[in-house]
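Source file: protein39.pdb. Holds: PDB, C-alpha atoms, pLDDT in the B column.
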```pdb
ATOM      1  CA  MET A   1     127.955  69.299 -23.988  1.00 68.00           C
ATOM      2  CA  GLN A   2     131.601  69.566 -24.949  1.00 86.00           C
ATOM      3  CA  THR A   3     134.405  68.780 -22.558  1.00 91.00           C
ATOM      4  CA  ILE A   4     137.399  71.040 -22.004  1.00 92.00           C
ATOM      5  CA  TYR A   5     139.439  68.629 -24.115  1.00 94.00           C
ATOM      6  CA  GLU A   6     136.927  68.815 -26.982  1.00 94.00           C
ATOM      7  CA  ARG A   7     137.086  72.612 -26.927  1.00 93.00           C
ATOM      8  CA  ILE A   8     140.901  72.494 -26.967  1.00 95.00           C
ATOM      9  CA  GLU A   9     140.782  70.003 -29.836  1.00 95.00           C
ATOM     10  CA  TYR A  10     138.397  72.335 -31.697  1.00 94.00           C
ATOM     11  CA  LEU A  11     140.826  75.255 -31.279  1.00 94.00           C
ATOM     12  CA  ILE A  12     143.756  73.145 -32.457  1.00 96.00           C
ATOM     13  CA  LYS A  13     141.839  72.227 -35.619  1.00 94.00           C
ATOM     14  CA  GLN A  14     140.678  75.818 -36.184  1.00 92.00           C
ATOM     15  CA  GLU A  15     144.298  77.003 -36.073  1.00 92.00           C
ATOM     16  CA  GLY A  16     145.395  74.259 -38.465  1.00 94.00           C
ATOM     17  CA  LEU A  17     147.817  72.815 -35.931  1.00 95.00           C
ATOM     18  CA  THR A  18     148.659  69.228 -35.228  1.00 95.00           C
ATOM     19  CA  LYS A  19     148.200  68.033 -31.677  1.00 94.00           C
ATOM     20  CA  LYS A  20     151.917  67.304 -31.572  1.00 94.00           C
ATOM     21  CA  SER A  21     152.896  70.859 -32.571  1.00 95.00           C
ATOM     22  CA  PHE A  22     150.369  72.300 -30.123  1.00 95.00           C
ATOM     23  CA  CYS A  23     151.846  70.189 -27.317  1.00 95.00           C
ATOM     24  CA  GLU A  24     155.380  71.211 -28.236  1.00 95.00           C
ATOM     25  CA  GLN A  25     154.535  74.923 -28.333  1.00 95.00           C
ATOM     26  CA  LEU A  26     152.860  74.844 -24.920  1.00 94.00           C
ATOM     27  CA  ASN A  27     155.160  72.289 -23.324  1.00 95.00           C
ATOM     28  CA  ILE A  28     152.381  69.743 -22.790  1.00 95.00           C
ATOM     29  CA  SER A  29     153.210  66.054 -22.815  1.00 95.00           C
ATOM     30  CA  THR A  30     151.256  63.923 -25.265  1.00 92.00           C
ATOM     31  CA  GLY A  31     150.522  61.664 -22.292  1.00 94.00           C
ATOM     32  CA  ASN A  32     148.731  64.529 -20.559  1.00 94.00           C
ATOM     33  CA  MET A  33     146.745  65.237 -23.720  1.00 94.00           C
ATOM     34  CA  GLY A  34     145.762  61.561 -23.811  1.00 94.00           C
ATOM     35  CA  ASP A  35     144.632  61.720 -20.181  1.00 94.00           C
ATOM     36  CA  TRP A  36     142.553  64.819 -20.975  1.00 94.00           C
ATOM     37  CA  LYS A  37     140.971  63.036 -23.933  1.00 94.00           C
ATOM     38  CA  ARG A  38     140.114  59.950 -21.854  1.00 94.00           C
ATOM     39  CA  GLY A  39     138.757  62.112 -19.040  1.00 91.00           C
ATOM     40  CA  LYS A  40     141.357  60.846 -16.565  1.00 94.00           C
ATOM     41  CA  SER A  41     142.416  64.416 -15.822  1.00 92.00           C
ATOM     42  CA  THR A  42     141.927  67.979 -16.982  1.00 90.00           C
ATOM     43  CA  PRO A  43     144.438  70.778 -17.523  1.00 92.00           C
ATOM     44  CA  GLY A  44     145.394  72.696 -14.401  1.00 90.00           C
ATOM     45  CA  THR A  45     144.491  76.338 -13.979  1.00 86.00           C
ATOM     46  CA  HIS A  46     147.882  77.633 -15.070  1.00 87.00           C
ATOM     47  CA  LYS A  47     147.836  75.486 -18.205  1.00 92.00           C
ATOM     48  CA  LEU A  48     144.279  76.630 -19.009  1.00 91.00           C
ATOM     49  CA  ILE A  49     145.470  80.229 -18.714  1.00 89.00           C
ATOM     50  CA  GLU A  50     148.311  79.488 -21.143  1.00 91.00           C
ATOM     51  CA  ILE A  51     145.955  77.744 -23.579  1.00 93.00           C
ATOM     52  CA  GLY A  52     143.447  80.608 -23.402  1.00 90.00           C
ATOM     53  CA  ALA A  53     146.209  83.142 -24.043  1.00 88.00           C
ATOM     54  CA  PHE A  54     147.676  81.045 -26.863  1.00 92.00           C
ATOM     55  CA  PHE A  55     144.343  80.880 -28.717  1.00 91.00           C
ATOM     56  CA  HIS A  56     143.072  84.300 -27.515  1.00 88.00           C
ATOM     57  CA  VAL A  57     139.876  82.825 -26.070  1.00 89.00           C
ATOM     58  CA  SER A  58     138.226  83.440 -22.728  1.00 85.00           C
ATOM     59  CA  LEU A  59     138.614  81.047 -19.841  1.00 85.00           C
ATOM     60  CA  ASP A  60     134.844  81.200 -19.512  1.00 83.00           C
ATOM     61  CA  TRP A  61     134.478  79.554 -22.914  1.00 86.00           C
ATOM     62  CA  LEU A  62     137.431  77.221 -22.493  1.00 88.00           C
ATOM     63  CA  ILE A  63     136.318  75.878 -19.110  1.00 86.00           C
ATOM     64  CA  LEU A  64     132.531  76.134 -19.254  1.00 83.00           C
ATOM     65  CA  GLY A  65     131.729  76.391 -22.949  1.00 82.00           C
ATOM     66  CA  ARG A  66     129.738  79.584 -22.404  1.00 75.00           C
ATOM     67  CA  ASN A  67     129.278  81.975 -25.306  1.00 68.00           C
ATOM     68  CA  THR A  68     131.538  81.465 -28.318  1.00 67.00           C
ATOM     69  CA  PRO A  69     135.305  81.163 -28.690  1.00 66.00           C
ATOM     70  CA  GLU A  70     135.578  84.602 -30.237  1.00 61.00           C
ATOM     71  CA  ILE A  71     139.006  86.132 -30.240  1.00 55.00           C
ATOM     72  CA  LEU A  72     139.393  88.462 -27.307  1.00 52.00           C
ATOM     73  CA  LYS A  73     140.179  92.051 -28.133  1.00 45.00           C
ATOM     74  CA  GLU A  74     141.473  94.088 -25.243  1.00 45.00           C
ATOM     75  CA  SER A  75     140.618  97.389 -26.913  1.00 41.00           C
ATOM     76  CA  SER A  76     136.954  96.465 -27.371  1.00 40.00           C
ATOM     77  CA  ALA A  77     136.433  95.535 -23.733  1.00 45.00           C
ATOM     78  CA  THR A  78     134.325  97.867 -21.632  1.00 47.00           C
ATOM     79  CA  TYR A  79     134.394  97.788 -17.885  1.00 46.00           C
ATOM     80  CA  ASP A  80     131.785  99.008 -15.445  1.00 48.00           C
ATOM     81  CA  PHE A  81     133.989 100.435 -12.715  1.00 48.00           C
ATOM     82  CA  GLU A  82     131.034 101.399 -10.522  1.00 51.00           C
ATOM     83  CA  GLU A  83     129.840  97.791 -10.521  1.00 51.00           C
ATOM     84  CA  ALA A  84     133.372  96.625  -9.773  1.00 53.00           C
ATOM     85  CA  LYS A  85     133.526  98.954  -6.768  1.00 51.00           C
ATOM     86  CA  THR A  86     130.282  97.564  -5.323  1.00 53.00           C
ATOM     87  CA  SER A  87     131.470  94.000  -5.943  1.00 55.00           C
ATOM     88  CA  GLU A  88     134.611  94.492  -3.873  1.00 57.00           C
ATOM     89  CA  GLY A  89     132.740  93.991  -0.607  1.00 59.00           C
ATOM     90  CA  ARG A  90     131.422  90.629  -1.773  1.00 68.00           C
ATOM     91  CA  VAL A  91     134.919  89.209  -2.216  1.00 67.00           C
ATOM     92  CA  ASP A  92     134.936  88.299   1.479  1.00 71.00           C
ATOM     93  CA  GLU A  93     131.994  85.959   0.813  1.00 74.00           C
ATOM     94  CA  LEU A  94     133.966  83.864  -1.687  1.00 72.00           C
ATOM     95  CA  LEU A  95     135.567  80.519  -0.930  1.00 75.00           C
ATOM     96  CA  PRO A  96     139.383  80.449  -0.921  1.00 78.00           C
ATOM     97  CA  GLU A  97     139.500  78.493  -4.205  1.00 74.00           C
ATOM     98  CA  GLU A  98     137.183  81.053  -5.828  1.00 73.00           C
ATOM     99  CA  LYS A  99     139.474  83.867  -4.690  1.00 75.00           C
ATOM    100  CA  GLU A 100     142.468  81.975  -6.106  1.00 76.00           C
ATOM    101  CA  PHE A 101     140.662  81.524  -9.436  1.00 76.00           C
ATOM    102  CA  ILE A 102     140.001  85.270  -9.609  1.00 77.00           C
ATOM    103  CA  LYS A 103     143.680  86.011  -8.927  1.00 77.00           C
ATOM    104  CA  GLU A 104     144.704  83.597 -11.670  1.00 77.00           C
ATOM    105  CA  TYR A 105     142.177  85.086 -14.081  1.00 77.00           C
ATOM    106  CA  ILE A 106     143.567  88.570 -13.415  1.00 79.00           C
ATOM    107  CA  ALA A 107     147.063  87.217 -14.074  1.00 77.00           C
ATOM    108  CA  PHE A 108     145.735  85.742 -17.330  1.00 77.00           C
ATOM    109  CA  ALA A 109     144.245  89.092 -18.369  1.00 76.00           C
ATOM    110  CA  GLU A 110     147.526  90.875 -17.623  1.00 78.00           C
ATOM    111  CA  TYR A 111     149.488  88.219 -19.535  1.00 76.00           C
ATOM    112  CA  ARG A 112     147.112  88.461 -22.513  1.00 73.00           C
ATOM    113  CA  LYS A 113     147.334  92.247 -22.550  1.00 77.00           C
ATOM    114  CA  GLN A 114     151.152  92.175 -22.438  1.00 77.00           C
ATOM    115  CA  LYS A 115     151.231  89.563 -25.202  1.00 74.00           C
ATOM    116  CA  LEU A 116     149.081  91.798 -27.421  1.00 73.00           C
ATOM    117  CA  VAL A 117     151.359  94.760 -26.698  1.00 76.00           C
ATOM    118  CA  ASP A 118     154.423  92.659 -27.564  1.00 78.00           C
ATOM    119  CA  GLU A 119     152.823  91.404 -30.796  1.00 75.00           C
ATOM    120  CA  ASN A 120     151.982  94.947 -31.882  1.00 76.00           C
ATOM    121  CA  SER A 121     155.460  96.320 -31.109  1.00 73.00           C
TER
END
```

Take the structure in the file and write it out as structure tokens.
Amino acid sequence: MQTIYERIEYLIKQEGLTKKSFCEQLNISTGNMGDWKRGKSTPGTHKLIEIGAFFHVSLDWLILGRNTPEILKESSATYDFEEAKTSEGRVDELLPEEKEFIKEYIAFAEYRKQKLVDENS
């Protein structure tokens, strides 16, 4: 099973970037990258959101390795609003850190959508 670092490294290679240029573009210290590689630490939630947006991959894949790192396309996404409405009541059952993760994921989705709009303008 791949680690978060290994998935980030894979994306860096796929984009033809050097680790140094990747770090510079996302304002990541090479020391932090080294810690991620050695397993001493992992990127924080905000940095994972930035990395996901930078490479246009889902946090689900980046964090858990689920599915494939396909490029996200906002226009191809379909949402089941009825299911979302019934899920709202279950939010109260979540732990505070799970609620915070959902808020951050929503912020990521909004950031990604705005970035796509800006790129297409």

Length of the atom CA of A:Leu116 to atom CA of A:Glu98 vector [Å]: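 Straight-line distance from atom CA of A:Leu116 to atom CA of A:Glu98 works out to 26.9 Å.
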
The PyMOL selection byres ((chain A and resi 1-13) around 8) resolved against shown file, as a VMD selection string: chain A and resid 14 to 19 22 36 to 37 42 55 62 to 65

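Neighbourhood of point (147.3, 80.6, -12.3): residues with an atom at most 8 Å away, counting all atoms listed in the file, are Thr45, His46, Lys47, Ile49, Glu100, Phe101, Lys103, Glu104, Tyr105, Ala107 and Phe108 of chain A.
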
Could you write out that same residue set with C-alpha atoms as a CSV table (one decimal), in the coordinates of the input?
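Generated file (result34.csv):
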```csv
chain,number,residue,atom,x,y,z
A,45,THR,CA,144.5,76.3,-14.0
A,46,HIS,CA,147.9,77.6,-15.1
A,47,LYS,CA,147.8,75.5,-18.2
A,49,ILE,CA,145.5,80.2,-18.7
A,100,GLU,CA,142.5,82.0,-6.1
A,101,PHE,CA,140.7,81.5,-9.4
A,103,LYS,CA,143.7,86.0,-8.9
A,104,GLU,CA,144.7,83.6,-11.7
A,105,TYR,CA,142.2,85.1,-14.1
A,107,ALA,CA,147.1,87.2,-14.1
A,108,PHE,CA,145.7,85.7,-17.3
```

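For the atom pair formed by atom CA of A:Thr30 and atom CA of A:Ala109, the distance is 27.0 Å, given to one decimal.
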
Reference answer for the PyMOL selection byres ((chain A and resi 53) around 10), as an mmCIF file with C-alpha atoms, keeping the file's coordinate frame:
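Result file follows (selection13.cif):
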```cif
data_model
loop_
_atom_site.group_PDB
_atom_site.id
_atom_site.type_symbol
_atom_site.label_atom_id
_atom_site.label_comp_id
_atom_site.auth_asym_id
_atom_site.auth_seq_id
_atom_site.Cartn_x
_atom_site.Cartn_y
_atom_site.Cartn_z
ATOM 1 C CA LYS A 47 147.836 75.486 -18.205
ATOM 2 C CA LEU A 48 144.279 76.630 -19.009
ATOM 3 C CA ILE A 49 145.470 80.229 -18.714
ATOM 4 C CA GLU A 50 148.311 79.488 -21.143
ATOM 5 C CA ILE A 51 145.955 77.744 -23.579
ATOM 6 C CA GLY A 52 143.447 80.608 -23.402
ATOM 7 C CA PHE A 54 147.676 81.045 -26.863
ATOM 8 C CA PHE A 55 144.343 80.880 -28.717
ATOM 9 C CA HIS A 56 143.072 84.300 -27.515
ATOM 10 C CA VAL A 57 139.876 82.825 -26.070
ATOM 11 C CA SER A 58 138.226 83.440 -22.728
ATOM 12 C CA LEU A 59 138.614 81.047 -19.841
ATOM 13 C CA ILE A 71 139.006 86.132 -30.240
ATOM 14 C CA LEU A 72 139.393 88.462 -27.307
ATOM 15 C CA PHE A 108 145.735 85.742 -17.330
ATOM 16 C CA ALA A 109 144.245 89.092 -18.369
ATOM 17 C CA TYR A 111 149.488 88.219 -19.535
ATOM 18 C CA ARG A 112 147.112 88.461 -22.513
ATOM 19 C CA LYS A 113 147.334 92.247 -22.550
ATOM 20 C CA LYS A 115 151.231 89.563 -25.202
ATOM 21 C CA LEU A 116 149.081 91.798 -27.421
#
```

Atom CA of A:Gly44 to atom CA of A:Asn27, straight-line distance in Å: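 Separation between atom CA of A:Asn27 and atom CA of A:Gly44: 13.2 Å.
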